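Inspection log for the structure reproduced underneath, given as structure tokens.
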Amino acid sequence: MRMRRKKNLESRLNDCKNILFEIRSDDKNFSTAINNKAYFDYKEIFKNDNPVHMEIGCGKGQFVCEIAKRNPDINYIAVEKSANVIVQACEKAIEAGLTNVYFVKGGAEYLPCFIPDKTIGRLYLNFSCPFPKKKYANHRLTNKSFLKLYEMMLVSQGEIHQKTDNMHFFEYSIGELSDYGFTVKNVSLDLHNSGFEGNIVTEYEKRFSDLGQPIYRLEAYLK
Ligand SMILES: C[S@@+](CC[C@H](N)C(=O)[O-])C[C@H]1O[C@@H](n2cnc3c(N)ncnc32)[C@H](O)[C@@H]1O
């Protein structure tokens, strides 16, 4: 179901244009886009050479704004396909005066057109949509088709950090990551009772843990 675009959305997005890149509708034909790569120039975007980490499906930006605040020497690219929510994430970052976050509105599938190969040190997948129906498995952000894109973007020994409330999706992700050749480490089946320090609670994480659901977490490393 397509969400209705919020009132004033275009002008609000326009107010965020210094920190927001919108993948245009004419980029939506992947085969065309992939042949017309327009790589980001990180130096121009962030005005420094700091390492770059990424979150895909950043929602309203609570996680990325907090992690960027805590780590001013890391640059963050936050990707989200919904205009209604990414606008709120951008506004949060502007309000907080963050200069180390850059937002990309669009589907993760188009990232190889814009992200230079082997430049992302760590990728966060927080509470990605589980797409429980088997026929939509290829939309899951840990499906092997996405892992192939991540392999292109991640530096050697780059990392994926995943959190979810969905056990089946978590099991599926471990399977896909392992089959692809990632080393899966630091698996937690109940993050909030695991003694893990420095966790940043996302919007969805709060919602699910308030319902008493355990939070699953893993790290996966490119060999
Ligand atoms: C369940 S929400 C989680 C939001 C946030 N990470 C959190 O933990 O609160 C998942 C988000 O991923 C976005 N999303 C799903 N598939 C995507 C894709 N292929 N590319 C970019 N964003 C995507 C959705 O629009 C949605 O906002």
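Residues are named by chain letter and number: chains run A, B, ... in the order of the structure tokens, numbers start at 1 in each chain, and ligands are numbered from 1 in the order shown.
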
Test item: residues lying within 8 Å of ligand 1 with only C-alpha atoms and all ligand atoms, as a ChimeraX atom specification: /A:55-63,79-82,85-86,105-109,125-129,139-141,201-205

Open item on the list: Going by DSSP on the backbone, which residues of segment 160-195 of chain A come out as strand (DSSP E)? List them as a PyMOL selection string.
Closed with: chain A and resi 160-164+183-188

Find the residues around Met152 of chain A up to 9 Å (only C-alpha atoms counted), leave out those fewer than 4 positions away in its own chain, and share them as a PDB file with C-alpha atoms, in the first residue's frame.
ATOM      1  CA  PRO A 112      25.613   0.986  -6.642  1.00  0.00           C
ATOM      2  CA  PRO A 116      31.791   4.246  -5.054  1.00  0.00           C
ATOM      3  CA  ASP A 117      32.914   0.615  -4.780  1.00  0.00           C
ATOM      4  CA  LYS A 118      34.542  -0.528  -1.520  1.00  0.00           C
ATOM      5  CA  THR A 119      33.996   2.702   0.413  1.00  0.00           C
ATOM      6  CA  LEU A 147      24.174  -8.929  -0.197  1.00  0.00           C
ATOM      7  CA  LYS A 148      25.723  -8.745  -3.655  1.00  0.00           C
TER       8      LYS A 148
END

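Our summary of the geometry notes that atom CA of Ile74 of chain A is positioned 19.6 Å from atom CA of Ala220 of chain A.
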
**Request:** List the neighbours of Tyr221 of chain A out to 10 Å using only C-alpha atoms; skip same-chain residues closer than 6 positions along the sequence, and give me the result as a PyMOL selection string.
**Result:** chain A and resi 122+154+156-161+177-178+181-185

Only C-alpha atoms, please: the residues just picked out, written as a short mmCIF file (atom, residue, chain, number, x, y, z; two decimals), in the first residue's frame.
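So the final result, stored in out.cif, reads:
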data_model
loop_
_atom_site.label_atom_id
_atom_site.label_comp_id
_atom_site.auth_asym_id
_atom_site.auth_seq_id
_atom_site.Cartn_x
_atom_site.Cartn_y
_atom_site.Cartn_z
CA ARG A 122 29.93 -0.59 8.14
CA LEU A 154 31.75 -2.57 1.58
CA SER A 156 37.44 -5.42 2.60
CA GLN A 157 36.44 -6.91 5.97
CA GLY A 158 33.51 -4.49 6.02
CA GLU A 159 30.72 -5.13 8.48
CA ILE A 160 26.96 -5.46 8.56
CA HIS A 161 25.20 -4.91 11.90
CA LEU A 177 24.74 -14.12 5.15
CA SER A 178 26.50 -17.43 5.89
CA GLY A 181 30.31 -16.11 2.66
CA PHE A 182 30.00 -13.55 5.45
CA THR A 183 31.29 -14.57 8.88
CA VAL A 184 28.45 -14.09 11.36
CA LYS A 185 29.57 -13.13 14.89
#

query: Excluding same-chain residues fewer than 5 positions from segment 134-138 of chain A, what lies within 12 Å of it counting only C-alpha atoms, as a count of residues only?
result: 12

Can you tell me which residues surround segment 15-21 of chain A at a distance of at most 12 Å, considering only C-alpha atoms, apart from same-chain residues fewer than 6 positions away, and format the answer as a short mmCIF file (atom, residue, chain, number, x, y, z; two decimals) with C-alpha atoms, in the first residue's frame?
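part.cif was written with the following content:
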data_model
loop_
_atom_site.label_atom_id
_atom_site.label_comp_id
_atom_site.auth_asym_id
_atom_site.auth_seq_id
_atom_site.Cartn_x
_atom_site.Cartn_y
_atom_site.Cartn_z
CA ASN A 8 4.00 20.53 2.36
CA LEU A 9 6.25 17.55 1.67
CA ALA A 38 27.18 9.18 -10.81
CA TYR A 39 29.33 8.41 -7.81
CA PHE A 40 29.12 10.60 -4.72
CA GLU A 44 32.55 17.43 -1.43
CA ILE A 45 29.65 16.16 0.70
CA PHE A 46 31.37 15.87 4.09
CA TYR A 76 27.02 8.50 7.80
CA ILE A 77 24.90 7.93 4.72
CA ALA A 78 21.29 7.19 5.64
CA VAL A 79 19.07 5.63 3.00
CA GLU A 80 15.28 5.50 3.09
CA LYS A 81 12.78 4.95 0.33
CA ALA A 83 9.77 10.50 1.40
CA ILE A 86 13.10 10.60 5.44
CA VAL A 87 12.00 14.23 5.57
CA GLN A 88 11.58 13.86 9.34
CA ALA A 89 15.04 12.27 9.60
CA CYS A 90 16.59 15.17 7.67
CA GLU A 91 14.82 17.73 9.83
CA LYS A 92 16.14 15.97 12.96
CA ALA A 93 19.71 16.12 11.63
CA ILE A 94 19.39 19.81 10.73
CA GLU A 95 17.84 20.61 14.12
CA GLY A 97 23.29 20.71 13.69
CA LEU A 98 24.87 17.47 12.42
CA THR A 99 27.37 17.84 9.59
CA ASN A 100 28.33 14.15 9.31
CA VAL A 101 25.05 12.73 7.99
CA TYR A 102 23.88 12.71 4.38
CA PHE A 103 20.51 11.30 3.37
CA VAL A 104 19.55 9.41 0.24
CA LYS A 105 15.88 9.08 -0.64
CA GLY A 106 15.39 5.98 -2.74
CA LEU A 111 22.89 2.48 -4.41
CA PHE A 114 25.94 6.41 -6.48
#

>> Among segment 44-113 of chain A, which residues does DSSP mark as alpha helix (DSSP H) when it is run on the backbone? Keep the chain and numbering as in the structure and answer as an NGL selection string.
In response: :A and (44-46 or 62-70 or 83-95)

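Atom CA of Leu123 of chain A is found 18.7 Å from atom CA of Phe196 of chain A.
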
Query raised in the report: Between A:Ile200, A:Leu13, A:Cys113, A:Ile120, which has the minimum distance to Glu66 of chain A (counting only C-alpha atoms)?
Result: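 The answer is A:Ile200, which sits nearest to Glu66 of chain A.
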
Restricting to only C-alpha atoms, whichever of A:Gly198, A:Asn186, A:Thr164, A:Lys69 is closest to Pro214 of chain A is A:Thr164

### Task
Pick out the residues sitting within 12 Å of Gly212 of chain A, and hand them over as JSON, numbers by chain; count only C-alpha atoms, and ignore anything fewer than 3 positions along from it in its own chain.
{"A": [165, 190, 192, 193, 205, 206, 207, 208, 209, 215]}

Emit the selected residues as a short mmCIF file (atom, residue, chain, number, x, y, z; two decimals), in the first residue's frame, including C-alpha atoms.
data_model
loop_
_atom_site.label_atom_id
_atom_site.label_comp_id
_atom_site.auth_asym_id
_atom_site.auth_seq_id
_atom_site.Cartn_x
_atom_site.Cartn_y
_atom_site.Cartn_z
CA ASP A 165 12.42 -8.29 16.42
CA ASP A 190 17.93 -11.01 23.60
CA HIS A 192 18.42 -5.86 25.93
CA ASN A 193 19.30 -8.53 28.50
CA GLU A 205 13.08 -1.20 18.60
CA LYS A 206 11.34 0.82 21.32
CA ARG A 207 7.94 -0.17 20.00
CA PHE A 208 8.78 -3.90 19.98
CA SER A 209 10.66 -4.01 23.27
CA ILE A 215 15.53 -8.02 20.13
#

How far is it from atom CA of Met54 of chain A to atom CA of Lys133 of chain A, in Å with one decimal?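 Rounded to one decimal, the two atoms are 27.0 Å apart.
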